[in-house]
Structure formats: structure tokens, C-alpha cells
$ cat my_file.json   # JSON, C-alpha atoms
[["chain", "number", "residue", "atom", "x", "y", "z"],
["A", 1, "MET", "CA", -5.94, -12.16, 11.23],
["A", 2, "VAL", "CA", -6.93, -15.58, 12.47],
["A", 3, "VAL", "CA", -4.97, -18.59, 11.30],
["A", 4, "THR", "CA", -7.08, -21.64, 12.01],
["A", 5, "GLN", "CA", -4.53, -24.34, 11.24],
["A", 6, "VAL", "CA", -0.77, -24.69, 11.09],
["A", 7, "SER", "CA", 0.35, -27.77, 9.13],
["A", 8, "ALA", "CA", 3.60, -29.53, 8.12],
["A", 9, "GLN", "CA", 6.81, -27.56, 7.75],
["A", 10, "SER", "CA", 9.04, -26.87, 4.74],
["A", 11, "MET", "CA", 11.51, -24.06, 3.92],
["A", 12, "THR", "CA", 10.96, -20.76, 2.07],
["A", 13, "ASN", "CA", 12.66, -17.50, 1.21],
["A", 14, "ASN", "CA", 9.17, -16.14, 0.42],
["A", 15, "GLY", "CA", 10.38, -15.14, -3.04],
["A", 16, "VAL", "CA", 12.99, -12.69, -1.71],
["A", 17, "ILE", "CA", 16.45, -12.58, -3.33],
["A", 18, "CYS", "CA", 19.15, -10.08, -2.30],
["A", 19, "ALA", "CA", 22.47, -9.23, -3.94],
["A", 20, "GLU", "CA", 25.18, -6.77, -2.95],
["A", 21, "THR", "CA", 27.78, -4.94, -5.02],
["A", 22, "GLU", "CA", 30.29, -2.35, -3.83],
["A", 23, "SER", "CA", 27.74, 0.47, -3.99],
["A", 24, "LYS", "CA", 24.29, -1.07, -4.48],
["A", 25, "PHE", "CA", 21.95, -3.42, -2.66],
["A", 26, "ARG", "CA", 19.54, -5.19, -5.02],
["A", 27, "VAL", "CA", 16.29, -6.88, -4.02],
["A", 28, "LYS", "CA", 13.90, -9.03, -6.02],
["A", 29, "SER", "CA", 10.67, -9.79, -4.18],
["A", 30, "PRO", "CA", 6.99, -10.40, -4.89],
["A", 31, "TYR", "CA", 4.81, -7.30, -4.94],
["A", 32, "PHE", "CA", 3.67, -6.44, -1.44],
["A", 33, "PRO", "CA", 2.15, -2.97, -0.91],
["A", 34, "ALA", "CA", 3.67, -2.33, 2.52],
["A", 35, "PHE", "CA", 7.19, -3.21, 1.34],
["A", 36, "ALA", "CA", 6.86, -1.04, -1.77],
["A", 37, "LYS", "CA", 6.02, 1.94, 0.43],
["A", 38, "ARG", "CA", 8.90, 1.25, 2.83],
["A", 39, "ALA", "CA", 11.31, 0.69, -0.08],
["A", 40, "ARG", "CA", 10.50, 4.15, -1.43],
["A", 41, "ASP", "CA", 10.99, 5.60, 2.07],
["A", 42, "LEU", "CA", 14.47, 4.02, 2.13],
["A", 43, "GLY", "CA", 15.42, 5.66, -1.16],
["A", 44, "GLY", "CA", 14.85, 2.57, -3.27],
["A", 45, "THR", "CA", 14.31, 2.77, -7.00],
["A", 46, "PHE", "CA", 12.20, 0.12, -8.70],
["A", 47, "ILE", "CA", 13.63, -1.03, -12.03],
["A", 48, "ARG", "CA", 10.72, -2.33, -14.08],
["A", 49, "GLU", "CA", 12.84, -4.11, -16.70],
["A", 50, "SER", "CA", 14.53, -6.34, -14.11],
["A", 51, "SER", "CA", 11.67, -6.27, -11.55],
["A", 52, "GLU", "CA", 14.01, -5.35, -8.73],
["A", 53, "TRP", "CA", 14.60, -2.64, -6.16],
["A", 54, "ILE", "CA", 17.97, -0.86, -6.08],
["A", 55, "PHE", "CA", 19.22, 0.76, -2.86],
["A", 56, "ASP", "CA", 22.39, 2.48, -1.71],
["A", 57, "ILE", "CA", 24.55, -0.19, -0.06],
["A", 58, "ARG", "CA", 24.70, 1.93, 3.10],
["A", 59, "GLU", "CA", 20.98, 1.24, 3.61],
["A", 60, "SER", "CA", 21.31, -2.56, 3.37],
["A", 61, "SER", "CA", 20.70, -3.17, 7.10],
["A", 62, "GLN", "CA", 17.52, -1.04, 7.03],
["A", 63, "VAL", "CA", 16.36, -2.77, 3.84],
["A", 64, "ARG", "CA", 16.99, -6.20, 5.35],
["A", 65, "LYS", "CA", 14.99, -5.16, 8.42],
["A", 66, "ALA", "CA", 12.11, -4.02, 6.17],
["A", 67, "LEU", "CA", 12.26, -7.32, 4.26],
["A", 68, "VAL", "CA", 11.97, -9.34, 7.48],
["A", 69, "GLU", "CA", 9.08, -7.15, 8.68],
["A", 70, "ASN", "CA", 7.20, -7.54, 5.39],
["A", 71, "TYR", "CA", 8.18, -10.99, 4.08],
["A", 72, "GLY", "CA", 9.33, -12.83, 7.21],
["A", 73, "THR", "CA", 12.83, -13.19, 5.74],
["A", 74, "ASP", "CA", 15.55, -11.16, 4.08],
["A", 75, "GLY", "CA", 16.10, -13.86, 1.48],
["A", 76, "VAL", "CA", 17.46, -16.52, 3.81],
["A", 77, "GLU", "CA", 15.58, -19.82, 3.77],
["A", 78, "VAL", "CA", 13.39, -20.01, 6.90],
["A", 79, "PRO", "CA", 11.02, -22.72, 8.18],
["A", 80, "SER", "CA", 7.56, -22.37, 6.66],
["A", 81, "THR", "CA", 4.15, -23.95, 6.80],
["A", 82, "ASP", "CA", 0.76, -23.90, 5.13],
["A", 83, "VAL", "CA", -1.98, -22.01, 6.93],
["A", 84, "LEU", "CA", -5.76, -21.92, 6.68],
["A", 85, "ILE", "CA", -7.47, -18.56, 7.08],
["A", 86, "ASP", "CA", -11.18, -18.43, 7.84],
["A", 87, "LEU", "CA", -12.33, -15.20, 6.19],
["A", 88, "ASP", "CA", -15.49, -15.12, 8.33],
["A", 89, "LYS", "CA", -13.11, -14.38, 11.22],
["A", 90, "PHE", "CA", -10.92, -12.06, 9.16],
["A", 91, "PRO", "CA", -12.99, -10.14, 6.61],
["A", 92, "TRP", "CA", -11.36, -7.36, 4.62],
["A", 93, "SER", "CA", -12.37, -4.58, 2.30],
["A", 94, "GLY", "CA", -10.62, -3.13, -0.70],
["A", 95, "SER", "CA", -9.41, -4.41, -4.03],
["A", 96, "ILE", "CA", -6.18, -6.03, -2.79],
["A", 97, "TYR", "CA", -5.83, -8.37, 0.15],
["A", 98, "ALA", "CA", -2.18, -8.75, 1.11],
["A", 99, "ALA", "CA", -0.88, -10.88, 3.96],
["A", 100, "PHE", "CA", 2.24, -12.86, 4.84],
["A", 101, "GLY", "CA", 4.36, -10.95, 2.32],
["A", 102, "ARG", "CA", 2.21, -11.58, -0.72],
["A", 103, "VAL", "CA", -0.96, -10.58, -2.51],
["A", 104, "VAL", "CA", -3.49, -13.23, -1.47],
["A", 105, "ALA", "CA", -6.43, -12.06, -3.60],
["A", 106, "GLN", "CA", -7.29, -9.05, -5.73],
["A", 107, "ARG", "CA", -10.05, -7.68, -7.92],
["A", 108, "SER", "CA", -9.09, -5.07, -10.53],
["A", 109, "SER", "CA", -12.60, -3.78, -11.21],
["A", 110, "ARG", "CA", -16.07, -4.23, -9.75],
["A", 111, "ASP", "CA", -17.14, -6.79, -12.37],
["A", 112, "SER", "CA", -13.85, -8.66, -12.81],
["A", 113, "ARG", "CA", -13.24, -11.99, -11.15],
["A", 114, "VAL", "CA", -11.05, -12.28, -8.08],
["A", 115, "ILE", "CA", -7.49, -13.34, -8.89],
["A", 116, "ILE", "CA", -5.98, -15.61, -6.26],
["A", 117, "GLY", "CA", -2.28, -15.09, -5.51],
["A", 118, "ASP", "CA", 0.52, -17.57, -6.12],
["A", 119, "GLY", "CA", 0.58, -20.30, -3.51],
["A", 120, "VAL", "CA", -3.03, -19.66, -2.45],
["A", 121, "ILE", "CA", -6.03, -21.95, -2.96],
["A", 122, "ILE", "CA", -9.69, -21.74, -1.99],
["A", 123, "GLU", "CA", -10.44, -24.59, 0.43],
["A", 124, "SER", "CA", -14.14, -23.70, 0.68],
["A", 125, "GLY", "CA", -16.50, -20.87, -0.17],
["A", 126, "GLY", "CA", -15.36, -18.39, -2.77],
["A", 127, "PHE", "CA", -15.93, -14.93, -4.13],
["A", 128, "PRO", "CA", -18.93, -13.39, -5.92],
["A", 129, "SER", "CA", -18.58, -12.43, -9.58],
["A", 130, "SER", "CA", -18.56, -8.74, -8.69],
["A", 131, "GLY", "CA", -17.78, -6.70, -5.64],
["A", 132, "GLY", "CA", -17.62, -3.12, -4.46],
["A", 133, "SER", "CA", -18.39, -0.22, -6.76],
["A", 134, "VAL", "CA", -17.04, 1.08, -10.06],
["A", 135, "LYS", "CA", -14.68, 3.48, -8.27],
["A", 136, "ASN", "CA", -13.93, 1.15, -5.35],
["A", 137, "PRO", "CA", -13.80, -2.53, -6.33],
["A", 138, "ALA", "CA", -13.69, -4.98, -3.43],
["A", 139, "VAL", "CA", -12.59, -8.60, -3.10],
["A", 140, "ALA", "CA", -15.76, -9.34, -1.02],
["A", 141, "GLU", "CA", -15.62, -12.99, 0.06],
["A", 142, "ARG", "CA", -18.66, -15.25, 0.47],
["A", 143, "SER", "CA", -19.56, -16.53, 3.91],
["A", 144, "GLY", "CA", -17.66, -19.73, 4.74],
["A", 145, "THR", "CA", -14.62, -18.90, 2.62],
["A", 146, "ILE", "CA", -11.42, -20.52, 3.81],
["A", 147, "LEU", "CA", -8.10, -19.98, 2.04],
["A", 148, "ARG", "CA", -4.99, -22.16, 2.25],
["A", 149, "ILE", "CA", -1.78, -20.17, 1.94],
["A", 150, "HIS", "CA", 1.33, -22.25, 1.21],
["A", 151, "ASP", "CA", 4.85, -21.54, 2.46],
["A", 152, "VAL", "CA", 4.13, -18.94, 5.14],
["A", 153, "PRO", "CA", 7.17, -18.26, 7.37],
["A", 154, "LEU", "CA", 6.59, -20.33, 10.49],
["A", 155, "VAL", "CA", 7.18, -17.40, 12.84],
["A", 156, "TRP", "CA", 4.19, -15.60, 11.27],
["A", 157, "ALA", "CA", 1.96, -18.66, 11.33],
["A", 158, "HIS", "CA", 2.51, -19.04, 15.07],
["A", 159, "ARG", "CA", 2.07, -15.31, 15.68],
["A", 160, "PHE", "CA", -1.42, -15.35, 14.14],
["A", 161, "HIS", "CA", -2.54, -18.84, 15.20],
["A", 162, "ALA", "CA", -5.91, -18.89, 16.98]]
$ encode --input "my_file.json" --output "C-alpha cells"
Amino acid sequence: MVVTQVSAQSMTNNGVICAETESKFRVKSPYFPAFAKRARDLGGTFIRESSEWIFDIRESSQVRKALVENYGTDGVEVPSTDVLIDLDKFPWSGSIYAAFGRVVAQRSSRDSRVIIGDGVIIESGGFPSSGGSVKNPAVAERSGTILRIHDVPLVWAHRFHA
């Protein structure tokens, strides 16, 4: 991934909220494929009605570690910044593009439009009206596409800065 610009700072928890009880560790977070997989590996159960993960309290340190690895925070406010990503330097394939703890763009079917994630805007370029195949839709950016992603944890922005 190539971040082409790091701009002014603010604070973010990247949408992560944690709560502990005597026996459970609860997590609300935006959908992020890598965290969902790790949460299942840690014995987490996703409760659709409340849109949260429930874990055994004894796994809270491992869950917090997974949250930091996937979202850049375990729910604590951390310094953040906006970043620009030049997709000519970081093309991807597939129907979901996820980065910085969030879904950045996704296409549900070959002929559906690309849905841009929360806190993401298209600075330039864009996406064609269709992409991929019927069985394998793809986001498929146009040449010159640059995305601005708001509120990226600063530690990640610096890690991927060109």
C-alpha cells in the first residue's frame, strides 16, 4: 500500500468500542474481514441483533491485541490523520477492498456500482460501472484514481507513507 500524503491530525477510536463484564468481553467494531476471521479463531460469537462480538473475558488480552492489529486501536482514542492512496500504485482485485480497519470500497455484483466506505471519498478518477465477472465481481478502479481516507490511525499512516 502506498500512502501519498499524510495530512492534519485528529483523534479516532476507528469505530471500536469495548466493554467488560465479570465473564464476557464485548466488542463493537466496523466490519473488517481480517478481524472477523481472527475473532472466530478466538472463540468469539457475533450477535447480529446488537452487532457485537462476545468473547470469554479470559481472552480479552488476545482480543485487544487483535483489535490493535486490525483497527490500529483497541477502542482507545489514538491520533489519526487523513491519507491519500493512489490506486495506480496500489491496485487490488476482488469484490471488497479493506484497509486501515475498514471496508474502503466494495462491489456486490459485476454490474452493481462500487460502494465507497464510510469516511472515504474519491479525490480523482473513479470506478467503472461494472467489474469482474458474474461469479467474481471486482472493484476495478480506473487509472488515476486517488482515494482520501479520513481518520486513519497515525501509526498506520506513517507505516505506509511513501
$ atom_distance --input "my_file.json" --atom1 "atom CA of Gly126 of chain A" --atom2 "atom CA of Pro153 of chain A"
24.7 Å
$ residues_around --input "my_file.json" --residues "segment 68-80 of chain A" --least-positions-apart "6" --cutoff "9 Å" --atoms "only C-alpha atoms" --output "PyMOL selection string"
chain A and resi 8-18+27+29+32+34-35+99-102+150-157
$ residues_around --input "my_file.json" --residues "segment 115-123 of chain A" --least-positions-apart "4" --cutoff "8 Å" --atoms "all atoms listed in the file" --output "MDAnalysis selection string"
chainID A and resid 102:107 145:151
$ residues_around --input "my_file.json" --residues "Ser143 of chain A" --least-positions-apart "3" --cutoff "12 Å" --atoms "all atoms listed in the file" --output "list in words"
Asp86, Leu87, Asp88, Lys89, Phe90, Pro91, Ser124, Gly125, Gly126, Phe127, Pro128, Ala140 and Ile146 of chain A
$ atom_distance --input "my_file.json" --atom1 "atom CA of Tyr31 of chain A" --atom2 "atom CA of Phe160 of chain A"
21.6 Å
$ atom_distance --input "my_file.json" --atom1 "atom CA of Ser61 of chain A" --atom2 "atom CA of Thr21 of chain A"
14.1 Å
$ decode --input "my_file.json" --residues "segment 81-111 of chain A" --atoms "N, CA, C and O atoms" --output "mmCIF file, in the first residue's frame"
data_model
loop_
_atom_site.group_PDB
_atom_site.id
_atom_site.type_symbol
_atom_site.label_atom_id
_atom_site.label_comp_id
_atom_site.auth_asym_id
_atom_site.auth_seq_id
_atom_site.Cartn_x
_atom_site.Cartn_y
_atom_site.Cartn_z
ATOM 1 N N THR A 81 -5.199 10.690 11.142
ATOM 2 C CA THR A 81 -4.948 11.620 10.047
ATOM 3 C C THR A 81 -5.733 11.174 8.820
ATOM 4 O O THR A 81 -6.221 10.042 8.782
ATOM 5 N N ASP A 82 -5.854 12.036 7.866
ATOM 6 C CA ASP A 82 -6.401 11.661 6.562
ATOM 7 C C ASP A 82 -5.244 11.225 5.680
ATOM 8 O O ASP A 82 -4.147 11.777 5.781
ATOM 9 N N VAL A 83 -5.480 10.238 4.826
ATOM 10 C CA VAL A 83 -4.448 9.808 3.895
ATOM 11 C C VAL A 83 -5.017 9.773 2.483
ATOM 12 O O VAL A 83 -6.219 9.588 2.285
ATOM 13 N N LEU A 84 -4.132 9.972 1.518
ATOM 14 C CA LEU A 84 -4.472 9.805 0.111
ATOM 15 C C LEU A 84 -3.796 8.533 -0.373
ATOM 16 O O LEU A 84 -2.618 8.323 -0.109
ATOM 17 N N ILE A 85 -4.549 7.691 -1.074
ATOM 18 C CA ILE A 85 -3.991 6.478 -1.651
ATOM 19 C C ILE A 85 -4.151 6.544 -3.153
ATOM 20 O O ILE A 85 -5.260 6.706 -3.666
ATOM 21 N N ASP A 86 -3.031 6.442 -3.852
ATOM 22 C CA ASP A 86 -3.000 6.418 -5.307
ATOM 23 C C ASP A 86 -3.160 4.961 -5.738
ATOM 24 O O ASP A 86 -2.261 4.143 -5.560
ATOM 25 N N LEU A 87 -4.323 4.623 -6.282
ATOM 26 C CA LEU A 87 -4.607 3.230 -6.626
ATOM 27 C C LEU A 87 -3.807 2.736 -7.825
ATOM 28 O O LEU A 87 -3.733 1.527 -8.037
ATOM 29 N N ASP A 88 -3.190 3.642 -8.593
ATOM 30 C CA ASP A 88 -2.277 3.191 -9.646
ATOM 31 C C ASP A 88 -1.056 2.518 -9.020
ATOM 32 O O ASP A 88 -0.456 1.626 -9.608
ATOM 33 N N LYS A 89 -0.699 2.956 -7.814
ATOM 34 C CA LYS A 89 0.450 2.377 -7.110
ATOM 35 C C LYS A 89 0.033 1.229 -6.197
ATOM 36 O O LYS A 89 0.884 0.511 -5.695
ATOM 37 N N PHE A 90 -1.259 1.099 -5.956
ATOM 38 C CA PHE A 90 -1.756 0.028 -5.103
ATOM 39 C C PHE A 90 -3.057 -0.534 -5.661
ATOM 40 O O PHE A 90 -4.129 -0.327 -5.118
ATOM 41 N N PRO A 91 -2.975 -1.218 -6.807
ATOM 42 C CA PRO A 91 -4.193 -1.815 -7.367
ATOM 43 C C PRO A 91 -4.604 -3.043 -6.541
ATOM 44 O O PRO A 91 -3.779 -3.625 -5.843
ATOM 45 N N TRP A 92 -5.855 -3.419 -6.602
ATOM 46 C CA TRP A 92 -6.305 -4.615 -5.922
ATOM 47 C C TRP A 92 -7.294 -5.344 -6.793
ATOM 48 O O TRP A 92 -7.793 -4.804 -7.773
ATOM 49 N N SER A 93 -7.560 -6.576 -6.433
ATOM 50 C CA SER A 93 -8.580 -7.348 -7.137
ATOM 51 C C SER A 93 -9.542 -7.894 -6.092
ATOM 52 O O SER A 93 -9.226 -7.939 -4.915
ATOM 53 N N GLY A 94 -10.692 -8.270 -6.522
ATOM 54 C CA GLY A 94 -11.698 -8.798 -5.609
ATOM 55 C C GLY A 94 -12.844 -7.837 -5.416
ATOM 56 O O GLY A 94 -12.825 -6.691 -5.880
ATOM 57 N N SER A 95 -13.865 -8.301 -4.733
ATOM 58 C CA SER A 95 -15.089 -7.515 -4.578
ATOM 59 C C SER A 95 -15.063 -6.594 -3.371
ATOM 60 O O SER A 95 -15.875 -5.682 -3.271
ATOM 61 N N ILE A 96 -14.149 -6.825 -2.428
ATOM 62 C CA ILE A 96 -14.038 -5.971 -1.243
ATOM 63 C C ILE A 96 -12.596 -5.524 -1.091
ATOM 64 O O ILE A 96 -11.684 -6.340 -1.078
ATOM 65 N N TYR A 97 -12.408 -4.220 -0.979
ATOM 66 C CA TYR A 97 -11.097 -3.673 -0.665
ATOM 67 C C TYR A 97 -11.176 -3.159 0.758
ATOM 68 O O TYR A 97 -11.948 -2.254 1.063
ATOM 69 N N ALA A 98 -10.392 -3.764 1.642
ATOM 70 C CA ALA A 98 -10.371 -3.381 3.046
ATOM 71 C C ALA A 98 -8.967 -2.952 3.424
ATOM 72 O O ALA A 98 -7.989 -3.609 3.076
ATOM 73 N N ALA A 99 -8.876 -1.822 4.113
ATOM 74 C CA ALA A 99 -7.581 -1.311 4.566
ATOM 75 C C ALA A 99 -7.817 -0.422 5.773
ATOM 76 O O ALA A 99 -8.892 0.163 5.926
ATOM 77 N N PHE A 100 -6.816 -0.298 6.618
ATOM 78 C CA PHE A 100 -6.878 0.592 7.776
ATOM 79 C C PHE A 100 -8.074 0.305 8.686
ATOM 80 O O PHE A 100 -8.654 1.208 9.265
ATOM 81 N N GLY A 101 -8.469 -0.957 8.784
ATOM 82 C CA GLY A 101 -9.542 -1.332 9.694
ATOM 83 C C GLY A 101 -10.940 -1.028 9.207
ATOM 84 O O GLY A 101 -11.869 -0.939 9.993
ATOM 85 N N ARG A 102 -11.104 -0.903 7.905
ATOM 86 C CA ARG A 102 -12.443 -0.624 7.371
ATOM 87 C C ARG A 102 -12.562 -1.108 5.939
ATOM 88 O O ARG A 102 -11.567 -1.311 5.257
ATOM 89 N N VAL A 103 -13.789 -1.258 5.490
ATOM 90 C CA VAL A 103 -14.037 -1.539 4.080
ATOM 91 C C VAL A 103 -13.969 -0.200 3.361
ATOM 92 O O VAL A 103 -14.721 0.724 3.662
ATOM 93 N N VAL A 104 -13.043 -0.092 2.411
ATOM 94 C CA VAL A 104 -12.823 1.152 1.680
ATOM 95 C C VAL A 104 -13.751 1.236 0.471
ATOM 96 O O VAL A 104 -14.324 2.278 0.185
ATOM 97 N N ALA A 105 -13.903 0.112 -0.238
ATOM 98 C CA ALA A 105 -14.776 0.063 -1.411
ATOM 99 C C ALA A 105 -15.197 -1.379 -1.638
ATOM 100 O O ALA A 105 -14.444 -2.306 -1.328
ATOM 101 N N GLN A 106 -16.408 -1.547 -2.174
ATOM 102 C CA GLN A 106 -16.869 -2.906 -2.468
ATOM 103 C C GLN A 106 -17.882 -2.883 -3.604
ATOM 104 O O GLN A 106 -18.571 -1.899 -3.833
ATOM 105 N N ARG A 107 -17.931 -4.009 -4.309
ATOM 106 C CA ARG A 107 -18.903 -4.192 -5.385
ATOM 107 C C ARG A 107 -19.561 -5.539 -5.122
ATOM 108 O O ARG A 107 -18.879 -6.550 -5.017
ATOM 109 N N SER A 108 -20.893 -5.556 -5.010
ATOM 110 C CA SER A 108 -21.591 -6.791 -4.648
ATOM 111 C C SER A 108 -21.829 -7.718 -5.832
ATOM 112 O O SER A 108 -21.954 -8.926 -5.652
ATOM 113 N N SER A 109 -21.902 -7.166 -7.025
ATOM 114 C CA SER A 109 -22.060 -7.997 -8.221
ATOM 115 C C SER A 109 -21.372 -7.297 -9.388
ATOM 116 O O SER A 109 -21.081 -6.104 -9.322
ATOM 117 N N ARG A 110 -21.123 -8.041 -10.449
ATOM 118 C CA ARG A 110 -20.383 -7.498 -11.590
ATOM 119 C C ARG A 110 -20.952 -6.175 -12.088
ATOM 120 O O ARG A 110 -20.207 -5.247 -12.399
ATOM 121 N N ASP A 111 -22.277 -6.073 -12.165
ATOM 122 C CA ASP A 111 -22.902 -4.886 -12.758
ATOM 123 C C ASP A 111 -23.427 -3.882 -11.738
ATOM 124 O O ASP A 111 -24.124 -2.932 -12.104
#
